[in-house]
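Peer 1: Got a file for you: model_1.cif, mmCIF, C-alpha atoms.
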data_coords
loop_
_atom_site.label_atom_id
_atom_site.label_comp_id
_atom_site.auth_asym_id
_atom_site.auth_seq_id
_atom_site.Cartn_x
_atom_site.Cartn_y
_atom_site.Cartn_z
CA MET P 941 -12.90 -22.05 -3.46
CA ASN P 942 -16.62 -21.73 -2.76
CA TYR P 943 -17.26 -20.51 -6.26
CA THR P 944 -19.74 -21.79 -8.85
CA PRO P 945 -18.15 -22.11 -12.30
CA ILE P 946 -20.36 -20.80 -15.10
CA LEU P 947 -17.99 -21.16 -18.06
CA LYS P 948 -17.56 -17.47 -18.62
CA THR P 949 -14.81 -16.49 -20.99
CA ILE P 950 -11.68 -14.61 -19.94
CA ALA P 951 -8.89 -13.34 -22.15
CA VAL P 952 -5.40 -13.00 -20.70
CA LEU P 953 -3.20 -10.69 -22.78
CA GLY P 954 0.43 -11.37 -22.04
CA GLY P 955 -0.70 -14.85 -21.10
CA THR P 956 2.64 -16.35 -22.09
CA GLY P 957 4.46 -14.40 -19.35
CA LYS P 958 4.77 -15.86 -15.87
CA GLU P 959 2.06 -13.79 -14.15
CA GLY P 960 -0.42 -14.10 -17.04
CA LYS P 961 0.14 -17.83 -17.36
CA GLY P 962 -0.36 -18.27 -13.65
CA LEU P 963 -3.70 -16.42 -13.73
CA ALA P 964 -4.81 -18.36 -16.84
CA TYR P 965 -3.98 -21.59 -15.00
CA ARG P 966 -6.02 -20.65 -11.92
CA TRP P 967 -9.06 -19.48 -13.90
CA ALA P 968 -9.07 -22.49 -16.24
CA LYS P 969 -8.87 -24.69 -13.17
CA ALA P 970 -11.92 -22.92 -11.71
CA GLY P 971 -13.97 -23.74 -14.81
CA TYR P 972 -13.54 -20.63 -16.94
CA LYS P 973 -12.84 -20.82 -20.64
CA VAL P 974 -9.55 -18.95 -21.10
CA PHE P 975 -8.08 -17.37 -24.22
CA ILE P 976 -4.38 -16.73 -23.91
CA GLY P 977 -3.44 -13.77 -26.09
CA SER P 978 0.00 -12.88 -27.40
CA ARG P 979 1.55 -10.85 -30.18
CA THR P 980 3.03 -14.22 -31.25
CA PRO P 981 0.11 -16.67 -31.53
CA LYS P 982 2.52 -19.64 -31.74
CA LYS P 983 3.76 -18.83 -28.21
CA ALA P 984 0.18 -18.48 -26.99
CA GLN P 985 -0.67 -21.91 -28.41
CA LEU P 986 2.33 -23.47 -26.66
CA ALA P 987 1.31 -21.87 -23.35
CA ALA P 988 -2.26 -23.16 -23.81
CA ILE P 989 -0.99 -26.69 -24.46
CA GLU P 990 1.30 -26.52 -21.41
CA LEU P 991 -1.55 -25.41 -19.13
CA THR P 992 -4.05 -27.89 -20.59
CA ASP P 993 -1.56 -30.71 -19.92
CA LEU P 994 -0.95 -29.44 -16.41
CA LEU P 995 -4.70 -29.52 -15.75
CA GLY P 996 -5.04 -33.08 -17.00
CA GLY P 997 -6.46 -32.20 -20.42
CA GLU P 998 -9.82 -31.12 -18.99
CA ALA P 999 -9.49 -27.34 -19.15
CA VAL P 1000 -10.67 -25.18 -22.01
CA ILE P 1001 -7.70 -23.01 -22.92
CA GLU P 1002 -6.82 -21.65 -26.33
CA GLY P 1003 -3.82 -19.69 -27.52
CA VAL P 1004 -4.53 -16.95 -30.07
CA ASP P 1005 -3.41 -13.44 -31.04
CA ASN P 1006 -4.42 -10.56 -28.75
CA LEU P 1007 -7.25 -9.28 -30.95
CA THR P 1008 -8.92 -12.67 -31.21
CA ALA P 1009 -8.58 -13.20 -27.46
CA VAL P 1010 -10.35 -9.91 -26.69
CA GLN P 1011 -13.06 -10.61 -29.27
CA TYR P 1012 -14.12 -13.85 -27.58
CA ALA P 1013 -14.06 -12.60 -23.97
CA ASN P 1014 -16.19 -10.30 -21.83
CA ILE P 1015 -13.44 -9.84 -19.26
CA VAL P 1016 -9.85 -9.18 -20.33
CA ALA P 1017 -6.83 -9.34 -18.05
CA LEU P 1018 -3.76 -7.39 -19.16
CA ALA P 1019 -0.52 -8.90 -17.89
CA VAL P 1020 2.12 -7.53 -20.25
CA PRO P 1021 5.37 -5.88 -19.09
CA TYR P 1022 4.92 -2.15 -18.57
CA ALA P 1023 7.03 -1.40 -21.67
CA ALA P 1024 4.30 -3.01 -23.83
CA HIS P 1025 1.36 -1.53 -21.87
CA ARG P 1026 0.40 1.39 -24.10
CA ASP P 1027 0.94 -0.37 -27.44
CA THR P 1028 -1.05 -3.42 -26.41
CA LEU P 1029 -3.96 -1.28 -25.18
CA GLU P 1030 -4.00 0.83 -28.33
CA SER P 1031 -4.03 -2.29 -30.50
CA VAL P 1032 -7.18 -3.70 -28.82
CA LYS P 1033 -8.89 -0.46 -27.80
CA ASP P 1034 -11.75 -0.60 -30.31
CA ILE P 1035 -12.88 -4.13 -29.52
CA LEU P 1036 -12.60 -3.61 -25.75
CA LYS P 1037 -15.66 -1.34 -25.74
CA GLY P 1038 -18.35 -2.55 -23.35
CA LYS P 1039 -15.99 -5.00 -21.66
CA ILE P 1040 -14.02 -4.99 -18.41
CA LEU P 1041 -10.25 -4.67 -18.49
CA ILE P 1042 -8.37 -5.95 -15.44
CA ASP P 1043 -4.97 -4.27 -15.46
CA VAL P 1044 -2.33 -6.40 -13.73
CA THR P 1045 0.57 -4.22 -14.86
CA VAL P 1046 3.12 -2.78 -12.45
CA PRO P 1047 4.93 0.26 -13.87
CA LEU P 1048 8.37 -0.79 -12.61
CA VAL P 1049 11.38 1.25 -13.72
CA PRO P 1050 14.31 -1.00 -14.75
CA ARG P 1051 17.17 -0.98 -12.21
CA LYS P 1052 14.93 1.03 -9.84
CA LEU P 1053 12.55 -1.79 -8.93
CA THR P 1054 12.40 -0.87 -5.25
CA SER P 1055 11.45 2.79 -5.81
CA VAL P 1056 7.88 3.81 -6.57
CA ARG P 1057 7.67 5.75 -9.87
CA MET P 1058 4.19 6.21 -11.26
CA PRO P 1059 3.50 7.34 -14.86
CA PRO P 1060 2.07 10.88 -15.40
CA ALA P 1061 -1.50 9.49 -15.42
CA GLY P 1062 -1.01 8.50 -11.76
CA SER P 1063 -0.70 4.73 -12.23
CA ALA P 1064 -0.63 2.12 -15.00
CA ALA P 1065 -4.36 1.47 -14.54
CA GLN P 1066 -5.21 5.18 -14.76
CA GLU P 1067 -3.09 5.34 -17.90
CA ALA P 1068 -5.10 2.43 -19.31
CA TYR P 1069 -8.32 4.30 -18.53
CA GLU P 1070 -6.95 7.43 -20.24
CA ILE P 1071 -6.12 5.41 -23.36
CA LEU P 1072 -9.36 3.42 -23.45
CA GLY P 1073 -11.89 6.08 -22.52
CA ASP P 1074 -15.26 5.84 -20.83
CA GLU P 1075 -16.62 2.92 -22.81
CA VAL P 1076 -14.32 0.43 -21.11
CA GLN P 1077 -14.49 -0.33 -17.40
CA VAL P 1078 -10.99 -0.60 -15.97
CA THR P 1079 -10.02 -2.38 -12.77
CA SER P 1080 -6.59 -3.02 -11.27
CA ALA P 1081 -5.64 -6.17 -9.34
CA PHE P 1082 -3.12 -8.96 -8.61
CA GLN P 1083 -0.01 -6.73 -8.59
CA ASN P 1084 1.24 -7.94 -5.20
CA ILE P 1085 1.02 -11.68 -5.82
CA SER P 1086 4.32 -13.47 -6.45
CA TYR P 1087 3.68 -15.20 -9.79
CA GLU P 1088 5.80 -18.18 -8.72
CA TYR P 1089 2.95 -19.26 -6.50
CA LEU P 1090 0.10 -19.02 -8.97
CA MET P 1091 0.96 -22.29 -10.73
CA GLN P 1092 1.30 -24.10 -7.41
CA ASP P 1093 -1.80 -25.30 -5.69
CA GLU P 1094 -0.88 -24.24 -2.18
CA PRO P 1095 -2.71 -21.33 -0.54
CA ILE P 1096 -1.06 -17.96 -1.21
CA ASP P 1097 -0.42 -15.77 1.85
CA CYS P 1098 -1.24 -12.49 0.10
CA ASP P 1099 -4.50 -10.59 -0.40
CA VAL P 1100 -5.60 -8.90 -3.60
CA LEU P 1101 -6.66 -5.24 -3.49
CA VAL P 1102 -9.07 -4.39 -6.32
CA THR P 1103 -9.58 -0.82 -7.47
CA GLY P 1104 -11.62 0.26 -10.49
CA THR P 1105 -13.78 2.72 -12.36
CA SER P 1106 -17.08 1.34 -11.03
CA LYS P 1107 -18.36 -0.74 -8.16
CA GLU P 1108 -19.81 -3.27 -10.64
CA ALA P 1109 -16.48 -3.77 -12.39
CA ARG P 1110 -14.72 -4.18 -9.02
CA SER P 1111 -17.33 -6.67 -7.98
CA GLU P 1112 -16.87 -8.74 -11.19
CA THR P 1113 -13.13 -8.63 -10.65
CA LEU P 1114 -13.52 -9.78 -7.05
CA LYS P 1115 -15.34 -12.87 -8.36
CA LEU P 1116 -12.27 -13.69 -10.46
CA VAL P 1117 -10.03 -13.13 -7.43
CA ALA P 1118 -12.08 -15.68 -5.50
CA ALA P 1119 -12.06 -18.04 -8.51
CA ALA P 1120 -8.25 -17.86 -8.44
CA GLY P 1121 -8.36 -19.02 -4.81
CA LEU P 1122 -7.35 -15.67 -3.38
CA THR P 1123 -8.86 -13.24 -0.86
CA GLY P 1124 -9.85 -9.95 -2.45
CA TRP P 1125 -10.91 -6.55 -1.13
CA ASP P 1126 -12.77 -3.72 -2.80
CA ALA P 1127 -10.14 -0.99 -2.45
CA GLY P 1128 -12.11 1.81 -4.07
CA PRO P 1129 -11.78 4.05 -7.12
CA ILE P 1130 -9.17 3.67 -9.86
CA GLU P 1131 -7.09 6.54 -8.38
CA ASN P 1132 -6.27 4.15 -5.55
CA SER P 1133 -4.48 1.79 -7.94
CA ALA P 1134 -1.27 3.80 -7.47
CA VAL P 1135 -1.09 2.49 -3.90
CA VAL P 1136 -1.47 -1.14 -4.96
CA GLU P 1137 0.87 -0.95 -7.95
CA GLY P 1138 3.42 0.95 -5.85
CA MET P 1139 3.18 -1.59 -3.03
CA THR P 1140 4.92 -4.05 -5.37
CA SER P 1141 8.10 -1.95 -5.20
CA LEU P 1142 7.93 -1.93 -1.40
CA LEU P 1143 7.52 -5.71 -1.35
CA ILE P 1144 10.47 -6.19 -3.76
CA GLY P 1145 12.54 -4.01 -1.43
CA ILE P 1146 11.43 -5.92 1.66
CA ASN P 1147 12.24 -9.23 -0.10
CA LYS P 1148 15.71 -7.93 -0.91
CA GLN P 1149 16.44 -6.75 2.61
CA TYR P 1150 15.03 -9.72 4.49
CA GLY P 1151 16.34 -12.39 2.05
CA SER P 1152 12.93 -13.62 0.95
CA THR P 1153 11.08 -14.07 -2.34
CA SER P 1154 7.52 -14.09 -1.10
CA ALA P 1155 6.71 -10.90 0.79
CA GLY P 1156 3.01 -10.13 0.52
CA ILE P 1157 0.30 -8.18 2.32
CA ARG P 1158 -2.79 -9.10 4.26
CA ILE P 1159 -5.65 -6.87 5.34
CA THR P 1160 -6.29 -7.30 9.07
CA GLY P 1161 -8.92 -6.15 11.53
CA ILE P 1162 -11.99 -7.16 9.51
CA ASN P 1163 -14.19 -9.84 10.92
CA ALA P 1164 -14.06 -12.74 8.41
CA THR P 1165 -17.85 -13.06 8.47
CA ALA P 1166 -18.24 -9.37 7.58
CA GLN P 1167 -16.45 -10.00 4.32
CA MET R 1296 8.94 -5.12 23.66
CA ASN R 1297 12.54 -6.37 23.68
CA TYR R 1298 13.82 -2.82 23.65
CA THR R 1299 16.32 -1.16 25.95
CA PRO R 1300 15.19 2.31 27.03
CA ILE R 1301 17.98 4.87 26.98
CA LEU R 1302 16.03 8.00 27.85
CA LYS R 1303 16.39 9.62 24.48
CA THR R 1304 14.21 12.63 23.86
CA ILE R 1305 11.38 12.74 21.35
CA ALA R 1306 9.21 15.68 20.41
CA VAL R 1307 5.68 15.06 19.17
CA LEU R 1308 4.28 18.05 17.29
CA GLY R 1309 0.52 17.84 17.20
CA GLY R 1310 0.83 15.80 20.35
CA THR R 1311 -2.55 16.97 21.60
CA GLY R 1312 -4.35 15.23 18.71
CA LYS R 1313 -5.39 11.61 19.00
CA GLU R 1314 -2.62 10.05 16.93
CA GLY R 1315 0.13 12.23 18.41
CA LYS R 1316 -1.07 11.65 21.96
CA GLY R 1317 -1.18 7.90 21.34
CA LEU R 1318 2.42 7.86 20.10
CA ALA R 1319 3.57 10.08 23.00
CA TYR R 1320 1.90 7.62 25.40
CA ARG R 1321 3.63 4.58 23.89
CA TRP R 1322 7.07 6.21 23.80
CA ALA R 1323 6.85 7.60 27.32
CA LYS R 1324 5.82 4.15 28.46
CA ALA R 1325 8.92 2.69 26.79
CA GLY R 1326 11.17 5.01 28.77
CA TYR R 1327 11.65 7.93 26.42
CA LYS R 1328 11.43 11.52 27.59
CA VAL R 1329 8.66 13.07 25.51
CA PHE R 1330 7.97 16.71 24.73
CA ILE R 1331 4.44 17.29 23.51
CA GLY R 1332 4.40 20.31 21.23
CA SER R 1333 1.40 22.44 20.28
CA ARG R 1334 0.67 25.91 18.97
CA THR R 1335 -1.25 26.28 22.24
CA PRO R 1336 1.18 25.34 25.07
CA LYS R 1337 -1.69 25.18 27.57
CA LYS R 1338 -3.25 22.31 25.61
CA ALA R 1339 0.11 20.58 25.42
CA GLN R 1340 0.49 20.85 29.20
CA LEU R 1341 -2.95 19.33 29.75
CA ALA R 1342 -2.12 16.44 27.40
CA ALA R 1343 1.16 15.88 29.24
CA ILE R 1344 -0.65 15.77 32.60
CA GLU R 1345 -3.26 13.36 31.22
CA LEU R 1346 -0.59 10.96 29.91
CA THR R 1347 1.57 11.21 33.02
CA ASP R 1348 -1.47 10.29 35.14
CA LEU R 1349 -2.31 7.42 32.82
CA LEU R 1350 1.24 6.09 33.21
CA GLY R 1351 1.08 6.23 37.01
CA GLY R 1352 3.08 9.43 37.36
CA GLU R 1353 6.36 7.78 36.42
CA ALA R 1354 6.77 9.00 32.85
CA VAL R 1355 8.71 12.06 31.81
CA ILE R 1356 6.36 14.05 29.61
CA GLU R 1357 6.23 17.80 29.21
CA GLY R 1358 3.85 20.00 27.29
CA VAL R 1359 5.40 23.01 25.54
CA ASP R 1360 5.13 25.08 22.37
CA ASN R 1361 6.33 23.50 19.10
CA LEU R 1362 9.62 25.38 18.95
CA THR R 1363 10.64 24.42 22.46
CA ALA R 1364 9.69 20.79 21.80
CA VAL R 1365 11.91 20.63 18.72
CA GLN R 1366 14.77 22.36 20.53
CA TYR R 1367 14.96 19.70 23.23
CA ALA R 1368 14.66 16.62 20.99
CA ASN R 1369 16.85 14.83 18.48
CA ILE R 1370 13.90 13.04 16.90
CA VAL R 1371 10.69 14.89 16.09
CA ALA R 1372 7.40 13.25 15.12
CA LEU R 1373 4.94 15.41 13.18
CA ALA R 1374 1.32 14.41 13.79
CA VAL R 1375 -0.65 17.51 12.81
CA PRO R 1376 -3.66 17.45 10.45
CA TYR R 1377 -2.59 17.87 6.82
CA ALA R 1378 -4.06 21.40 6.72
CA ALA R 1379 -1.41 22.49 9.28
CA HIS R 1380 1.46 20.49 7.72
CA ARG R 1381 3.26 23.21 5.75
CA ASP R 1382 2.86 25.99 8.34
CA THR R 1383 4.08 23.82 11.20
CA LEU R 1384 7.12 22.69 9.22
CA GLU R 1385 8.02 26.22 8.16
CA SER R 1386 7.75 27.43 11.76
CA VAL R 1387 10.30 24.88 13.04
CA LYS R 1388 12.45 24.46 9.91
CA ASP R 1389 15.55 26.25 11.19
CA ILE R 1390 15.85 24.37 14.47
CA LEU R 1391 15.17 20.99 12.81
CA LYS R 1392 18.57 21.01 11.10
CA GLY R 1393 20.64 17.93 11.91
CA LYS R 1394 17.62 16.12 13.39
CA ILE R 1395 15.27 13.42 12.16
CA LEU R 1396 11.67 14.29 11.34
CA ILE R 1397 9.18 11.41 11.39
CA ASP R 1398 6.20 12.53 9.32
CA VAL R 1399 2.99 10.82 10.45
CA THR R 1400 0.74 13.02 8.31
CA VAL R 1401 -1.80 11.60 5.87
CA PRO R 1402 -2.79 14.10 3.16
CA LEU R 1403 -6.50 13.29 3.30
CA VAL R 1404 -8.88 15.45 1.28
CA PRO R 1405 -12.01 16.38 3.31
CA ARG R 1406 -15.12 14.53 2.11
CA LYS R 1407 -12.90 12.38 -0.16
CA LEU R 1408 -11.26 10.32 2.57
CA THR R 1409 -11.46 7.05 0.63
CA SER R 1410 -9.78 8.40 -2.54
CA VAL R 1411 -6.01 8.72 -2.77
CA ARG R 1412 -4.96 12.30 -3.59
CA MET R 1413 -1.30 13.08 -3.12
CA PRO R 1414 0.09 16.66 -3.04
CA PRO R 1415 2.21 17.83 -6.00
CA ALA R 1416 5.43 16.82 -4.20
CA GLY R 1417 4.25 13.20 -4.40
CA SER R 1418 3.29 12.69 -0.76
CA ALA R 1419 3.13 14.62 2.51
CA ALA R 1420 6.56 13.30 3.52
CA GLN R 1421 8.12 14.35 0.21
CA GLU R 1422 6.54 17.76 0.68
CA ALA R 1423 8.14 17.92 4.14
CA TYR R 1424 11.50 17.10 2.60
CA GLU R 1425 11.02 19.81 -0.05
CA ILE R 1426 10.24 22.36 2.67
CA LEU R 1427 13.03 21.30 5.04
CA GLY R 1428 15.86 20.66 2.61
CA ASP R 1429 18.86 18.36 2.80
CA GLU R 1430 19.90 19.21 6.34
CA VAL R 1431 16.96 17.36 7.86
CA GLN R 1432 16.46 13.62 7.53
CA VAL R 1433 12.81 12.85 6.86
CA THR R 1434 11.08 9.54 7.44
CA SER R 1435 7.43 8.59 7.13
CA ALA R 1436 5.65 6.10 9.40
CA PHE R 1437 2.55 5.15 11.47
CA GLN R 1438 -0.06 6.30 8.90
CA ASN R 1439 -1.96 3.01 8.86
CA ILE R 1440 -2.38 2.56 12.63
CA SER R 1441 -5.83 3.30 14.02
CA TYR R 1442 -5.07 5.87 16.71
CA GLU R 1443 -7.83 4.46 18.93
CA TYR R 1444 -5.56 1.52 19.72
CA LEU R 1445 -2.41 3.40 20.62
CA MET R 1446 -3.63 4.35 24.11
CA GLN R 1447 -4.75 0.81 24.79
CA ASP R 1448 -2.19 -1.74 25.85
CA GLU R 1449 -3.39 -4.59 23.67
CA PRO R 1450 -1.30 -5.72 20.69
CA ILE R 1451 -2.17 -3.88 17.47
CA ASP R 1452 -2.81 -6.06 14.41
CA CYS R 1453 -1.17 -3.67 11.93
CA ASP R 1454 2.44 -3.31 10.74
CA VAL R 1455 4.28 -0.04 10.26
CA LEU R 1456 5.98 0.64 6.92
CA VAL R 1457 8.87 3.07 7.30
CA THR R 1458 10.22 5.04 4.34
CA GLY R 1459 12.81 7.78 4.49
CA THR R 1460 15.64 9.80 3.04
CA SER R 1461 18.40 7.57 4.43
CA LYS R 1462 18.84 4.06 5.71
CA GLU R 1463 20.13 5.45 9.03
CA ALA R 1464 17.03 7.58 9.56
CA ARG R 1465 14.77 4.63 8.70
CA SER R 1466 16.71 2.48 11.11
CA GLU R 1467 16.34 5.05 13.95
CA THR R 1468 12.62 5.28 13.18
CA LEU R 1469 12.29 1.49 13.23
CA LYS R 1470 13.66 1.57 16.80
CA LEU R 1471 10.81 3.90 17.76
CA VAL R 1472 8.31 1.61 16.03
CA ALA R 1473 9.56 -1.28 18.16
CA ALA R 1474 9.51 0.94 21.26
CA ALA R 1475 5.83 1.63 20.53
CA GLY R 1476 5.21 -2.13 20.59
CA LEU R 1477 4.66 -2.40 16.84
CA THR R 1478 6.24 -4.40 14.02
CA GLY R 1479 8.04 -2.20 11.51
CA TRP R 1480 9.53 -2.74 8.07
CA ASP R 1481 12.11 -0.75 6.14
CA ALA R 1482 10.02 0.14 3.09
CA GLY R 1483 12.69 2.05 1.19
CA PRO R 1484 13.21 5.60 -0.06
CA ILE R 1485 10.99 8.57 0.75
CA GLU R 1486 9.30 8.32 -2.70
CA ASN R 1487 7.66 5.16 -1.39
CA SER R 1488 5.83 7.13 1.30
CA ALA R 1489 3.01 7.83 -1.20
CA VAL R 1490 2.08 4.15 -1.04
CA VAL R 1491 1.91 4.09 2.75
CA GLU R 1492 0.08 7.43 3.12
CA GLY R 1493 -2.31 6.41 0.34
CA MET R 1494 -2.96 3.03 1.95
CA THR R 1495 -4.78 4.91 4.72
CA SER R 1496 -7.50 5.91 2.24
CA LEU R 1497 -7.87 2.29 1.11
CA LEU R 1498 -8.19 1.17 4.73
CA ILE R 1499 -10.80 3.86 5.49
CA GLY R 1500 -12.75 2.64 2.45
CA ILE R 1501 -12.46 -0.99 3.50
CA ASN R 1502 -13.63 -0.08 7.04
CA LYS R 1503 -16.64 1.69 5.55
CA GLN R 1504 -17.62 -1.19 3.30
CA TYR R 1505 -17.07 -4.00 5.75
CA GLY R 1506 -18.49 -2.20 8.78
CA SER R 1507 -15.27 -2.11 10.75
CA THR R 1508 -13.09 0.52 12.43
CA SER R 1509 -9.81 -1.32 12.60
CA ALA R 1510 -8.68 -2.41 9.12
CA GLY R 1511 -4.89 -2.64 8.99
CA ILE R 1512 -2.15 -4.34 7.00
CA ARG R 1513 0.41 -6.98 7.73
CA ILE R 1514 3.45 -7.96 5.70
CA THR R 1515 3.47 -11.71 5.10
CA GLY R 1516 5.89 -14.23 3.65
CA ILE R 1517 8.96 -13.17 5.64
CA ASN R 1518 10.44 -15.60 8.07
CA ALA R 1519 10.13 -14.00 11.53
CA THR R 1520 13.75 -14.86 12.32
CA ALA R 1521 14.94 -13.10 9.15
CA GLN R 1522 13.52 -9.87 10.47
#
Please express what this file holds, its structure, as structure tokens.

Peer 2:
Amino acid sequence: MNYTPILKTIAVLGGTGKEGKGLAYRWAKAGYKVFIGSRTPKKAQLAAIELTDLLGGEAVIEGVDNLTAVQYANIVALAVPYAAHRDTLESVKDILKGKILIDVTVPLVPRKLTSVRMPPAGSAAQEAYEILGDEVQVTSAFQNISYEYLMQDEPIDCDVLVTGTSKEARSETLKLVAAAGLTGWDAGPIENSAVVEGMTSLLIGINKQYGSTSAGIRITGINATAQ
Amino acid sequence: MNYTPILKTIAVLGGTGKEGKGLAYRWAKAGYKVFIGSRTPKKAQLAAIELTDLLGGEAVIEGVDNLTAVQYANIVALAVPYAAHRDTLESVKDILKGKILIDVTVPLVPRKLTSVRMPPAGSAAQEAYEILGDEVQVTSAFQNISYEYLMQDEPIDCDVLVTGTSKEARSETLKLVAAAGLTGWDAGPIENSAVVEGMTSLLIGINKQYGSTSAGIRITGINATAQ
């Protein structure tokens, strides 16, 4: 990780779930101050204690309710299950203005995990943008990473494709991808998020068929120095 | 290529374009009999002569009109530009019954190549299925391969994700992926084709940003022996 920590603050909504907790762990480890948000602050506090212990007591992680988490952060990652996507966004919409939302959500359909089914907006991230409006920058990232690996310190053999409503927001998000120890790519406008969210269903299907749990994707053909 | 040629017959519609010609080259080289189809049979004949020369005169390649090409083949690859997608399919619909159509089309929007825009059916391949109906098996493949590399004999650093209306059709298509010297993956039902077609726009965007011409994808995390 050739990344300079600057103690920026990140909120992770749904930070008690496996994916959210994994991202909180990686960012706290990289020197960010992390607020774990949950509808149940008690659970968020327990997750914060668990992660702080895991990082040897040195990290700055706090567990709070979702609203408080958003209030303290300039970048907010949303890692709730798709069923809670709309409600969570509506509950924090007003205080998200002027901030960046990184949507980690995959709109999986229960019992149809291996089939791509996007919401009417086109993708979960486009739905977020519809709900939040122009005053929030929305990016989409991390959908293809197996959360099991985030809390381990080994390298993860999967790239992160970042889409978003502006180049600046994608660029900020790419910094957090690097801080999490992952390789990221600017994958263009928010409309392209459908491809990345949908790829998760393809990877679940490939895992199923080939008896694996860790199918991922890598971008090839780009000279490493060009990146 | 650990593949046993059995002189099956493949038609490549749009076989005079770069992608179609590249696929025709690889399959002829692997021992298939290939019919190159075009709306202009003269052009198809010239392409067939060019490829036969390139393969040392040993390959069995013929250039004909689209209808004739479909008539002689049990598997038909469609590699026309998206603007000709619907018309080509409607012109061969009746004689495609009982065969497999491999749709190679990417529904790119002119001047918006780096933004994903799927047709109302969900993807080009789903549109093909809507046009052709239940009596044709439709698969989708090869959208992410840079056509420049197909006529070269070097290994291509990009996997092929195969989606389709049945497991059998995907499995037949995966044989043709292997015959073309590429690594393929069963990526599930035809709905998933939107992800693979859309990925092409992401790769074009990544090429643009990182000054490359050969961005591709690889599936990771699967034990090679499992595949």

Peer 1: Taking all atoms listed in the file into account, what are the residues of chain R at most 6 Å from chain P, put as number ranges by chain?

Peer 2: R: 1411, 1482, 1487, 1490, 1493, 1497, 1505, 1509-1517, 1521

Peer 1: Tell me, in Å to one decimal, how far CA of Leu1018 in chain P is from CA of Asp1043 in chain P.

Peer 2: 5.0 Å

Peer 1: Could you jot down the CA of Leu1090 in chain P to CA of Gly1479 in chain R separation for me, Å, one decimal place?

Peer 2: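 A separation of 27.7 Å between them.
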
Peer 1: May I have the residues within 7 Å of Ala1464 in chain R as an MDAnalysis selection string, using only C-alpha atoms and disregarding those fewer than 5 positions away in the same chain?

Peer 2: chainID R and resid 1395 1432 1434 1459

Peer 1: With the PyMOL selection byres ((chain P and resi 1032) around 10) as the selection, what would be picked from this file? Answer as a VMD selection string, please.

Peer 2: chain P and resid 1006 to 1011 1027 to 1031 1033 to 1037 1072

Peer 1: Any idea what the distance is between CA of Leu1308 in chain R and CA of Lys1338 in chain R?

Peer 2: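 Going from CA of Leu1308 in chain R over to CA of Lys1338 in chain R, I get 12.0 Å.
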
Peer 1: Hey, can you pull every residue with an atom no more than 9 Å from (-3.8, -20.2, -16.2), using only C-alpha atoms, and send it as a ChimeraX atom specification?

Peer 2: /P:952,955,959-969,974,976,987-988,991-992,1001,1090-1091

Peer 1: Step by step: start from the point (-5.7, -30.9, -25.0) in the file's coordinates, keep every protein, DNA or RNA residue that has an atom no farther than 8 Å from it, count only C-alpha atoms, and write the set as a compact mmCIF listing (two decimals) with C-alpha atoms, keeping the file's coordinate frame.

Peer 2:
# COMPACT_ATOMS: atom_id res chain seq x y z
CA ILE P 989 -0.99 -26.69 -24.46
CA THR P 992 -4.05 -27.89 -20.59
CA ASP P 993 -1.56 -30.71 -19.92
CA GLY P 997 -6.46 -32.20 -20.42
CA GLU P 998 -9.82 -31.12 -18.99
CA ALA P 999 -9.49 -27.34 -19.15

Peer 1: Would you pick out the contacts of Tyr1012 in chain P at 8 Å or less, using all atoms listed in the file, so that residues sharing its chain but fewer than 6 positions from it are not included, and give the list as a compact mmCIF listing (two decimals) with C-alpha atoms, keeping the file's coordinate frame?

Peer 2:
# COMPACT_ATOMS: atom_id res chain seq x y z
CA THR P 949 -14.81 -16.49 -20.99
CA ALA P 951 -8.89 -13.34 -22.15
CA PHE P 975 -8.08 -17.37 -24.22

Peer 1: Put a box with edges along x, y and z around all the listed atoms of range 1414-1431 of chain R, pad it by 5 Å on each side, then give me its centre and sizes in Å, one decimal, as lines of an AutoDock Vina configuration file.

Peer 2:
center_x = 10.0
center_y = 17.5
center_z = 0.9
size_x = 29.8
size_y = 19.7
size_z = 23.9

Peer 1: Give me the result of the PyMOL selection byres ((chain P and resi 1083) around 7) on this file, residue by residue, as a list in words.

Peer 2: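 This file, filtered by the PyMOL selection byres ((chain P and resi 1083) around 7), leaves Val1044, Thr1045, Val1046, Ala1081, Phe1082, Asn1084, Ile1085, Val1136, Glu1137 and Thr1140 of chain P.
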
Peer 1: Can you give me N, CA and C atoms for range 1484-1489 of chain R, written as a PDB file, in the frame of the given file?

Peer 2:
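So out.pdb came out as:
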ATOM      1  N   PRO R1484      13.008   4.146   0.044  1.00  0.00           N
ATOM      2  CA  PRO R1484      13.210   5.600  -0.060  1.00  0.00           C
ATOM      3  C   PRO R1484      11.936   6.396   0.174  1.00  0.00           C
ATOM      4  N   ILE R1485      12.111   7.680   0.399  1.00  0.00           N
ATOM      5  CA  ILE R1485      10.990   8.570   0.750  1.00  0.00           C
ATOM      6  C   ILE R1485       9.920   8.612  -0.348  1.00  0.00           C
ATOM      7  N   GLU R1486      10.299   8.365  -1.620  1.00  0.00           N
ATOM      8  CA  GLU R1486       9.300   8.320  -2.700  1.00  0.00           C
ATOM      9  C   GLU R1486       8.219   7.281  -2.404  1.00  0.00           C
ATOM     10  N   ASN R1487       8.607   6.240  -1.674  1.00  0.00           N
ATOM     11  CA  ASN R1487       7.660   5.160  -1.390  1.00  0.00           C
ATOM     12  C   ASN R1487       6.608   5.547  -0.353  1.00  0.00           C
ATOM     13  N   SER R1488       6.795   6.705   0.283  1.00  0.00           N
ATOM     14  CA  SER R1488       5.830   7.130   1.300  1.00  0.00           C
ATOM     15  C   SER R1488       4.426   7.319   0.714  1.00  0.00           C
ATOM     16  N   ALA R1489       4.332   7.642  -0.587  1.00  0.00           N
ATOM     17  CA  ALA R1489       3.010   7.830  -1.200  1.00  0.00           C
ATOM     18  C   ALA R1489       2.158   6.563  -1.057  1.00  0.00           C
TER      19      ALA R1489
END
